[in-house]
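**Student:** Before I ask anything, here is the structure I am working with.
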Amino acid sequence: MKGSLLSALGIAGLLALAGCMETMPGPDRPNRPRPDKPAMCTQEYAPVCGVKRGKRQTFSNACMARAKGYSVVDQRPCGR
């Protein structure tokens, strides 16, 4: 009884670990480059100052700045 229980738990553990494996790029799955602009951003409020072509603007977070094509230059709102 004890042996079969340990055996069942072992198999369950192996199955759980097998489901956690990350698929790495290979010859049949080329490594895709990451997009310059994010597809979606969170709504967290962590204001940053971004700049694009000399224009500074405050964004609610770094992801929102990058999504608009701005580079983050300060981890605070602009003008402080």
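Residue names in the structure tokens use chain letters A, B, ... in the order shown, residue numbers from 1 in each chain, and ligand numbers from 1 in the order shown.
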I want to know what sits within 6 Å of range 69-72 of chain A, based on only C-alpha atoms, with residues of the same chain fewer than 2 positions away left out; could you give that as a tab-separated table (two decimals) with C-alpha atoms, in the first residue's frame?
**Tutor:**
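Saved file part03.tsv follows:
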```tsv
chain	number	residue	atom	x	y	z
A	49	CYS	CA	9.46	61.10	-17.86
A	50	GLY	CA	9.85	60.20	-21.51
A	51	VAL	CA	11.45	62.03	-24.41
A	52	LYS	CA	10.91	61.76	-28.18
A	65	ALA	CA	5.94	55.69	-22.64
A	66	ARG	CA	7.55	52.98	-24.80
A	67	ALA	CA	4.19	52.19	-26.41
A	74	ASP	CA	13.78	59.65	-15.60
```
**Student:** Measuring between only C-alpha atoms, which one of A:Ile11, A:Lys55, A:Cys63, A:Cys78 shows the shortest distance to Thr42 in chain A?
**Tutor:**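 Checking each candidate against Thr42 in chain A, we get A:Cys63 as the closest.
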